[in-house]
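What follows is the content of my_file-v3.txt, which has compact mmCIF, C-alpha atoms:
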```txt
# COMPACT_ATOMS: atom_id res chain seq x y z
CA MET B 1 -57.17 -17.31 70.53
CA ALA B 2 -56.50 -14.10 72.47
CA ARG B 3 -54.06 -11.64 71.04
CA VAL B 4 -51.84 -9.89 73.58
CA LEU B 5 -50.15 -6.66 72.63
CA VAL B 6 -47.18 -5.52 74.69
CA HIS B 7 -44.95 -2.51 74.42
CA PRO B 8 -41.28 -3.38 73.92
CA PRO B 9 -39.09 -1.87 76.62
CA ILE B 10 -38.05 1.71 75.91
CA PRO B 11 -34.22 1.88 76.01
CA THR B 12 -32.65 3.89 78.76
CA CYS B 13 -30.46 5.67 76.23
CA HIS B 14 -33.33 7.81 75.00
CA MET B 15 -31.39 10.92 74.13
CA PHE B 16 -32.83 10.14 70.72
CA PRO B 17 -36.40 9.07 71.58
CA ALA B 18 -36.86 6.69 68.68
CA THR B 19 -33.71 4.67 69.24
CA PRO B 20 -34.26 0.97 70.03
CA ARG B 21 -31.65 -1.07 71.87
CA ILE B 22 -29.57 -3.84 70.36
CA PRO B 23 -31.63 -7.02 69.83
CA GLU B 24 -31.61 -8.97 73.04
CA MET B 25 -33.45 -11.69 74.91
CA ILE B 26 -36.20 -10.44 77.18
CA LYS B 27 -39.25 -11.93 78.78
CA THR B 28 -42.56 -11.07 77.17
CA PRO B 29 -45.97 -12.68 76.71
CA LYS B 30 -46.61 -14.66 73.54
CA ILE B 31 -47.46 -12.48 70.59
CA VAL B 32 -49.45 -13.56 67.59
CA SER B 33 -47.13 -13.72 64.57
CA GLY B 34 -47.39 -10.74 62.25
CA THR B 35 -48.48 -8.30 64.96
CA TYR B 36 -46.81 -4.90 64.77
CA LEU B 37 -46.84 -2.05 67.21
CA ARG B 38 -46.10 1.58 66.39
CA ILE B 39 -44.56 3.35 69.39
CA PHE B 40 -43.19 6.91 69.20
CA GLY B 41 -42.68 6.54 65.45
CA PRO B 42 -40.66 3.37 64.63
CA ILE B 43 -42.41 0.11 63.90
CA TYR B 44 -41.22 -2.81 66.00
CA ALA B 45 -41.81 -6.32 64.62
CA ILE B 46 -42.48 -8.78 67.43
CA LYS B 47 -41.73 -12.43 66.82
CA SER B 48 -43.97 -15.20 68.06
CA ASP B 49 -43.66 -18.91 68.66
CA GLU B 50 -47.35 -19.38 67.97
CA GLN B 51 -46.31 -22.33 65.82
CA SER B 52 -45.22 -24.20 68.94
CA ALA B 53 -47.99 -26.23 70.45
CA GLY B 54 -50.01 -25.14 73.44
CA LEU B 55 -50.21 -21.36 73.56
CA THR B 56 -51.26 -20.59 77.11
CA ASP B 57 -51.49 -17.54 79.34
CA ASP B 58 -48.08 -18.26 80.84
CA VAL B 59 -45.26 -15.84 80.07
CA LYS B 60 -42.39 -17.44 78.13
CA GLU B 61 -38.98 -16.21 77.01
CA GLN B 62 -39.23 -14.68 73.55
CA HIS B 63 -36.97 -12.89 71.08
CA VAL B 64 -38.08 -9.32 70.53
CA ALA B 65 -36.47 -8.09 67.34
CA PHE B 66 -36.18 -4.33 67.16
CA GLU B 67 -35.48 -2.38 64.04
CA GLU B 68 -31.69 -2.02 63.78
CA TYR B 69 -30.00 1.28 64.53
CA LYS B 70 -29.50 3.35 61.43
CA GLU B 71 -28.09 6.67 62.62
CA VAL B 72 -24.54 7.16 63.94
CA PRO B 73 -25.59 9.79 66.55
CA GLN B 74 -28.02 7.25 68.05
CA ILE B 75 -25.34 4.57 68.29
CA LYS B 76 -22.89 7.03 69.85
CA ALA B 77 -25.46 8.12 72.42
CA CYS B 78 -25.95 4.54 73.60
CA LEU B 79 -22.22 3.86 73.50
CA TYR B 80 -21.50 6.81 75.76
CA GLN B 81 -24.17 5.65 78.15
CA ALA B 82 -22.79 2.11 78.14
CA ILE B 83 -19.29 3.23 79.16
CA GLN B 84 -20.43 5.52 81.97
CA GLY B 85 -19.21 4.55 85.42
CA ILE B 86 -16.72 1.85 84.36
CA ASN B 87 -13.52 3.95 84.55
CA ARG B 88 -12.61 3.26 80.90
CA GLY B 89 -12.77 -0.47 81.59
CA ILE B 90 -9.24 -0.42 83.04
CA PHE B 91 -10.15 -2.39 86.16
CA GLY B 92 -12.42 -4.88 84.45
CA VAL B 93 -15.97 -4.88 83.10
CA PRO B 94 -18.75 -7.48 83.57
CA SER B 95 -18.95 -9.74 80.52
CA GLU B 96 -22.50 -8.63 79.72
CA LYS B 97 -21.46 -4.96 79.71
CA LYS B 98 -18.36 -5.74 77.66
CA SER B 99 -20.49 -7.56 75.10
CA GLU B 100 -22.93 -4.65 74.89
CA ILE B 101 -20.10 -2.19 74.24
CA GLU B 102 -18.56 -4.39 71.55
CA LYS B 103 -21.89 -4.70 69.74
CA LEU B 104 -22.18 -0.91 69.66
CA VAL B 105 -18.58 -0.64 68.48
CA LYS B 106 -19.32 -3.03 65.62
CA LEU B 107 -22.37 -0.99 64.63
CA LEU B 108 -20.18 2.12 64.42
CA GLU B 109 -17.45 0.29 62.52
CA ALA B 110 -20.03 -0.82 59.95
CA ARG B 111 -20.82 2.88 59.36
CA ASN B 112 -17.24 4.15 59.27
CA PRO B 113 -17.23 7.42 57.28
CA THR B 114 -13.48 7.02 56.72
CA PRO B 115 -12.90 3.47 55.41
CA HIS B 116 -9.32 4.31 54.37
CA PRO B 117 -8.07 6.38 57.31
CA THR B 118 -4.38 6.28 56.37
CA ASP B 119 -5.32 7.99 53.09
CA ASN B 120 -7.03 10.69 55.17
CA PHE B 121 -4.54 10.92 58.00
CA GLU B 122 -5.47 14.50 58.87
CA LYS B 123 -8.54 12.97 60.55
CA VAL B 124 -6.30 10.83 62.75
CA GLY B 125 -3.79 13.48 63.81
CA GLY B 126 -4.09 15.62 66.93
CA CYS B 127 -4.86 14.92 70.57
CA TRP B 128 -7.23 12.15 71.70
CA LYS B 129 -8.49 11.07 75.12
CA LEU B 130 -9.09 7.40 75.95
CA ILE B 131 -12.66 6.72 77.07
CA TYR B 132 -12.70 2.90 76.87
CA SER B 133 -10.26 0.05 76.42
CA THR B 134 -10.35 -3.70 76.85
CA ILE B 135 -6.83 -3.52 78.35
CA THR B 136 -7.22 -4.23 82.06
CA ILE B 137 -5.09 -3.89 85.19
CA LEU B 138 -6.19 -6.69 87.50
CA GLY B 139 -4.93 -8.95 90.27
CA SER B 140 -1.24 -8.80 91.18
CA LYS B 141 -0.51 -6.12 88.56
CA ARG B 142 -2.95 -3.73 90.18
CA THR B 143 -1.53 -4.50 93.62
CA LYS B 144 2.11 -4.07 92.54
CA LEU B 145 1.38 -0.69 90.94
CA GLY B 146 -0.40 0.59 94.06
CA LEU B 147 -3.63 1.10 92.14
CA ARG B 148 -5.65 -0.53 94.91
CA ASP B 149 -4.74 1.97 97.60
CA PHE B 150 -2.73 5.16 97.22
CA ILE B 151 -2.16 5.57 93.46
CA THR B 152 -4.99 6.81 91.24
CA LEU B 153 -4.96 6.42 87.47
CA GLY B 154 -5.83 9.71 85.80
CA THR B 155 -6.57 10.76 82.23
CA PHE B 156 -4.99 8.94 79.29
CA PHE B 157 -4.11 11.18 76.31
CA GLN B 158 -2.68 10.22 72.94
CA ASN B 159 -1.03 12.76 70.66
CA ILE B 160 -0.62 11.80 66.99
CA TYR B 161 1.99 13.86 65.12
CA ILE B 162 1.46 13.03 61.46
CA ASP B 163 4.39 15.04 60.12
CA LYS B 164 6.81 13.31 62.51
CA GLY B 165 5.32 9.84 62.24
CA LYS B 166 5.10 9.76 66.03
CA ALA B 167 2.53 8.83 68.66
CA VAL B 168 2.94 9.97 72.26
CA ASN B 169 0.85 8.42 75.04
CA VAL B 170 0.55 10.41 78.25
CA ILE B 171 -0.94 8.68 81.31
CA GLU B 172 -1.59 10.81 84.38
CA PHE B 173 -1.27 9.56 87.96
CA ASN B 174 -2.03 10.92 91.40
CA ALA B 175 -0.24 9.65 94.51
CA ARG B 176 -2.44 10.38 97.52
CA GLY B 177 0.20 9.11 99.92
CA LEU B 178 2.74 11.67 98.71
CA GLN B 179 0.96 14.91 99.53
CA MET B 180 -1.33 14.62 96.52
CA LEU B 181 1.63 14.31 94.15
CA ASN B 182 0.63 14.55 90.50
CA GLY B 183 2.72 13.07 87.73
CA LYS B 184 2.62 11.30 84.40
CA LEU B 185 4.07 8.46 82.36
CA THR B 186 4.99 9.40 78.78
CA VAL B 187 5.48 6.67 76.17
CA GLU B 188 6.78 7.68 72.74
CA ALA B 189 6.48 5.49 69.66
CA SER B 190 6.95 5.83 65.92
CA PHE B 191 4.50 4.53 63.35
CA LYS B 192 4.51 3.54 59.70
CA ILE B 193 1.52 3.05 57.43
CA SER B 194 1.17 -0.59 56.43
CA SER B 195 -2.27 -0.54 54.75
CA LYS B 196 -5.19 1.76 54.06
CA SER B 197 -6.43 1.22 57.62
CA ARG B 198 -3.43 -0.07 59.59
CA VAL B 199 -0.22 1.30 61.08
CA ASP B 200 2.77 -0.53 62.53
CA ILE B 201 3.94 0.92 65.85
CA THR B 202 7.47 0.76 67.27
CA TYR B 203 8.24 1.65 70.89
CA GLU B 204 10.99 4.26 71.27
CA THR B 205 11.25 5.64 74.78
CA SER B 206 9.37 6.35 78.01
CA SER B 207 9.73 8.48 81.13
CA ILE B 208 7.98 9.35 84.37
CA ILE B 209 7.90 12.77 86.01
CA PRO B 210 8.46 13.93 88.67
CA ASP B 211 11.28 11.80 90.08
CA LYS B 212 9.29 11.11 93.25
CA LEU B 213 6.66 9.32 91.18
CA MET B 214 9.35 7.41 89.32
CA ASN B 215 10.63 6.21 92.70
CA VAL B 216 7.17 4.80 93.42
CA PHE B 217 6.99 2.86 90.15
CA GLN B 218 10.67 2.01 89.71
CA LYS B 219 10.50 -1.48 91.20
CA ASN B 220 7.58 -2.45 88.93
CA TYR B 221 8.37 -0.22 85.98
CA GLU B 222 8.43 -3.12 83.50
CA VAL B 223 4.95 -4.11 84.67
CA LEU B 224 3.71 -0.57 84.09
CA LEU B 225 5.32 -0.38 80.67
CA SER B 226 3.96 -3.77 79.62
CA ILE B 227 0.44 -2.35 80.05
CA PHE B 228 0.92 0.95 78.23
CA ASN B 229 3.50 0.05 75.59
CA PRO B 230 1.69 0.47 72.23
CA GLU B 231 4.14 -1.57 70.12
CA GLY B 232 2.58 -3.81 67.47
CA TRP B 233 0.03 -2.95 64.80
CA LEU B 234 -3.15 -0.92 65.11
CA GLU B 235 -6.18 -1.16 62.85
CA ILE B 236 -8.10 2.12 62.71
CA SER B 237 -11.60 0.72 62.36
CA TYR B 238 -13.57 3.97 62.78
CA VAL B 239 -12.70 7.66 62.75
CA ASP B 240 -14.71 10.84 62.37
CA GLU B 241 -14.38 14.37 63.69
CA ALA B 242 -15.11 13.30 67.28
CA ILE B 243 -14.40 9.58 67.88
CA ARG B 244 -11.70 7.11 66.90
CA ILE B 245 -11.84 3.34 67.38
CA GLY B 246 -8.88 1.03 67.02
CA ARG B 247 -8.11 -2.69 67.34
CA ASP B 248 -4.59 -3.93 67.99
CA ASP B 249 -2.67 -7.14 67.29
CA LYS B 250 -3.40 -8.36 70.83
CA GLY B 251 -7.17 -8.29 70.32
CA ASN B 252 -7.78 -5.10 72.31
CA ILE B 253 -10.32 -2.41 71.47
CA PHE B 254 -9.65 1.29 72.07
CA ILE B 255 -12.22 4.08 71.95
CA LEU B 256 -10.93 7.65 72.06
CA GLU B 257 -12.61 11.02 71.76
CA ARG B 258 -10.97 14.08 70.28
CA SER B 259 -9.54 16.49 72.84
CA GLU B 260 -8.68 20.16 72.48
CA GLN B 261 -5.94 19.71 75.06
CA ASP B 262 -2.43 18.98 73.78
CA ALA B 263 -0.97 16.68 76.39
```
Mind converting the file's structure to structure tokens?
Amino acid sequence: MARVLVHPPIPTCHMFPATPRIPEMIKTPKIVSGTYLRIFGPIYAIKSDEQSAGLTDDVKEQHVAFEEYKEVPQIKACLYQAIQGINRGIFGVPSEKKSEIEKLVKLLEARNPTPHPTDNFEKVGGCWKLIYSTITILGSKRTKLGLRDFITLGTFFQNIYIDKGKAVNVIEFNARGLQMLNGKLTVEASFKISSKSRVDITYETSSIIPDKLMNVFQKNYEVLLSIFNPEGWLEISYVDEAIRIGRDDKGNIFILERSEQDA
């Protein structure tokens, strides 16, 4: 019986050359069970269905099991690559891409260096910038808010003031139809610690500046607020010096990176 050795695909996120991708289904020729290949350092174990009758020269769908990620920088590198070009996920993400991102999120959560973040709240405080969320603005909501034509959604900042027990979300907008008018929605909320990893959030107030931008959103202000109102609970599932991940009571995931800018 002929043995066929194939190289597993090298992941595109090769900022760290020895980083394999998440296990996935790919097409590859049949491999004799127990065959191992050493490529650029790591050893990849390649499964085989040699036990199934009739090994032929045809190519069949196989599971290629790669050694699991072990280093946080490697996972982060692939996460950043996965979220490139999707505008924070606000206007929807293909299900395959969404699944890939969630797998990487779970890998990070399993390596959380701060398992009790509310006991180490200094790591949570400060300014953060949203880089991915499963909250989406689709269909009639996007049309009503003008986000299909002349309104552009800008940067989303979150300021956490530990001493005040307050979180302030700042969402920037640009209205191309109003002489490139720039403005922002500010949503203020208070929070209380409810567990070693969870906070309860209560909406307090919101505002839009300048008034011209408020005039644009006024008719559908409740729609806008329903998207960006943070009220509920938030589980802080990962936090380090650079990235914070949270999951809320509505099943959403939020990924934020630390920002030097106080919004």
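Ranking B:Asn229, B:Ser259, B:Ser206, B:Ser140 by their shortest atom-to-atom distance to Ile160 (chain B), with all atoms listed in the file included, puts B:Ser259 first.
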Using all atoms listed in the file, which protein or nucleic acid residues come within 9 Å of Val124 (chain B)? Drop anything in the same chain fewer than 2 positions from it, and give the result as a PyMOL selection string. chain B and resi 117-118+120-122+126-127+160+162+236+239-241+244
Test item: residues at most 10 Å from Gly154 (chain B), only C-alpha atoms, excluding those fewer than 3 positions along its chain, as number ranges by chain: B: 87, 151, 157, 170-174, 182-184
Once you count only C-alpha atoms, what closest atom pair and distance in Å to one decimal does each residue of region 52-162 of chain B within 12 Å of region 212-215 of chain B have, with rows by chain and rising residue number, as JSON lines?
```
{"residue": "B:Leu145", "atom": "CA", "partner": "B:Leu213", "partner_atom": "CA", "distance": 11.3}
{"residue": "B:Gly146", "atom": "CA", "partner": "B:Leu213", "partner_atom": "CA", "distance": 11.6}
{"residue": "B:Phe150", "atom": "CA", "partner": "B:Leu213", "partner_atom": "CA", "distance": 11.9}
{"residue": "B:Ile151", "atom": "CA", "partner": "B:Leu213", "partner_atom": "CA", "distance": 9.9}
{"residue": "B:Thr152", "atom": "CA", "partner": "B:Leu213", "partner_atom": "CA", "distance": 11.9}
```
Prev. selection, C-alpha atoms, output as a PDB file, in the frame of the given file:
```
ATOM      1  CA  LEU B 145       1.380  -0.690  90.940  1.00  0.00           C
ATOM      2  CA  GLY B 146      -0.400   0.590  94.060  1.00  0.00           C
ATOM      3  CA  PHE B 150      -2.730   5.160  97.220  1.00  0.00           C
ATOM      4  CA  ILE B 151      -2.160   5.570  93.460  1.00  0.00           C
ATOM      5  CA  THR B 152      -4.990   6.810  91.240  1.00  0.00           C
TER       6      THR B 152
END
```
Between CA of Ser195 (chain B) and CA of Lys166 (chain B), measure the distance and give it in Å to one decimal.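 According to the coordinates, CA of Ser195 (chain B) and CA of Lys166 (chain B) are separated by 17.0 Å.
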What is the CA of Lys76 (chain B)-CA of Lys123 (chain B) distance in Å, reported with one decimal? 18.1 Å
With distances taken over only C-alpha atoms, which of B:Arg176, B:Phe217, B:Gly125, B:Leu181 is nearest to Lys164 (chain B)? B:Gly125
Could you check how far CA of Asn112 (chain B) sits from CA of Gly165 (chain B), in Å to one decimal?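 Here the two named atoms are 23.5 Å from each other.
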So which one's closest to Asn159 (chain B), B:Leu256, B:Val93, B:Leu224, B:Val199? Using all atoms listed in the file, please.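 The shortest atom-to-atom distance to Asn159 (chain B) comes from B:Leu256.
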So, with all atoms listed in the file as the atoms that count, which of B:Lys98, B:His116, B:Arg258, B:Lys144 lies closest to Ile243 (chain B)?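 Ranked by minimum distance to Ile243 (chain B), first place goes to B:Arg258.
Taking all atoms listed in the file into account, Thr186 (chain B) lies nearest to B:Val168 out of the set B:Val168, B:Gln74, B:Leu153, B:Tyr203.
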What residues have an atom no more than 12 Å from (4.3, 4.0, 64.0) in the file's own frame, counting only C-alpha atoms, and can you write them as a PDB file with C-alpha atoms, keeping the file's coordinate frame?
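Result file out_38.pdb:
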```
ATOM      1  CA  THR B 118      -4.380   6.280  56.370  1.00  0.00           C
ATOM      2  CA  ILE B 160      -0.620  11.800  66.990  1.00  0.00           C
ATOM      3  CA  TYR B 161       1.990  13.860  65.120  1.00  0.00           C
ATOM      4  CA  ILE B 162       1.460  13.030  61.460  1.00  0.00           C
ATOM      5  CA  ASP B 163       4.390  15.040  60.120  1.00  0.00           C
ATOM      6  CA  LYS B 164       6.810  13.310  62.510  1.00  0.00           C
ATOM      7  CA  GLY B 165       5.320   9.840  62.240  1.00  0.00           C
ATOM      8  CA  LYS B 166       5.100   9.760  66.030  1.00  0.00           C
ATOM      9  CA  ALA B 167       2.530   8.830  68.660  1.00  0.00           C
ATOM     10  CA  VAL B 168       2.940   9.970  72.260  1.00  0.00           C
ATOM     11  CA  GLU B 188       6.780   7.680  72.740  1.00  0.00           C
ATOM     12  CA  ALA B 189       6.480   5.490  69.660  1.00  0.00           C
ATOM     13  CA  SER B 190       6.950   5.830  65.920  1.00  0.00           C
ATOM     14  CA  PHE B 191       4.500   4.530  63.350  1.00  0.00           C
ATOM     15  CA  LYS B 192       4.510   3.540  59.700  1.00  0.00           C
ATOM     16  CA  ILE B 193       1.520   3.050  57.430  1.00  0.00           C
ATOM     17  CA  SER B 194       1.170  -0.590  56.430  1.00  0.00           C
ATOM     18  CA  ARG B 198      -3.430  -0.070  59.590  1.00  0.00           C
ATOM     19  CA  VAL B 199      -0.220   1.300  61.080  1.00  0.00           C
ATOM     20  CA  ASP B 200       2.770  -0.530  62.530  1.00  0.00           C
ATOM     21  CA  ILE B 201       3.940   0.920  65.850  1.00  0.00           C
ATOM     22  CA  THR B 202       7.470   0.760  67.270  1.00  0.00           C
ATOM     23  CA  TYR B 203       8.240   1.650  70.890  1.00  0.00           C
ATOM     24  CA  GLU B 204      10.990   4.260  71.270  1.00  0.00           C
ATOM     25  CA  PRO B 230       1.690   0.470  72.230  1.00  0.00           C
ATOM     26  CA  GLU B 231       4.140  -1.570  70.120  1.00  0.00           C
ATOM     27  CA  GLY B 232       2.580  -3.810  67.470  1.00  0.00           C
ATOM     28  CA  TRP B 233       0.030  -2.950  64.800  1.00  0.00           C
ATOM     29  CA  LEU B 234      -3.150  -0.920  65.110  1.00  0.00           C
ATOM     30  CA  GLU B 235      -6.180  -1.160  62.850  1.00  0.00           C
TER      31      GLU B 235
END
```
Find the residues near Asn252 (chain B): any atom within 10 Å, counting all atoms listed in the file, skip ones fewer than 2 places away on the same chain, and give them as a VMD selection string. chain B and resid 133 to 136 234 246 to 250 254
Which is closest to Tyr80 (chain B) among B:Asn220, B:Ser95, B:Ile131, B:Pro115, if we use only C-alpha atoms?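 Nearest candidate to Tyr80 (chain B) out of B:Asn220, B:Ser95, B:Ile131, B:Pro115: B:Ile131.
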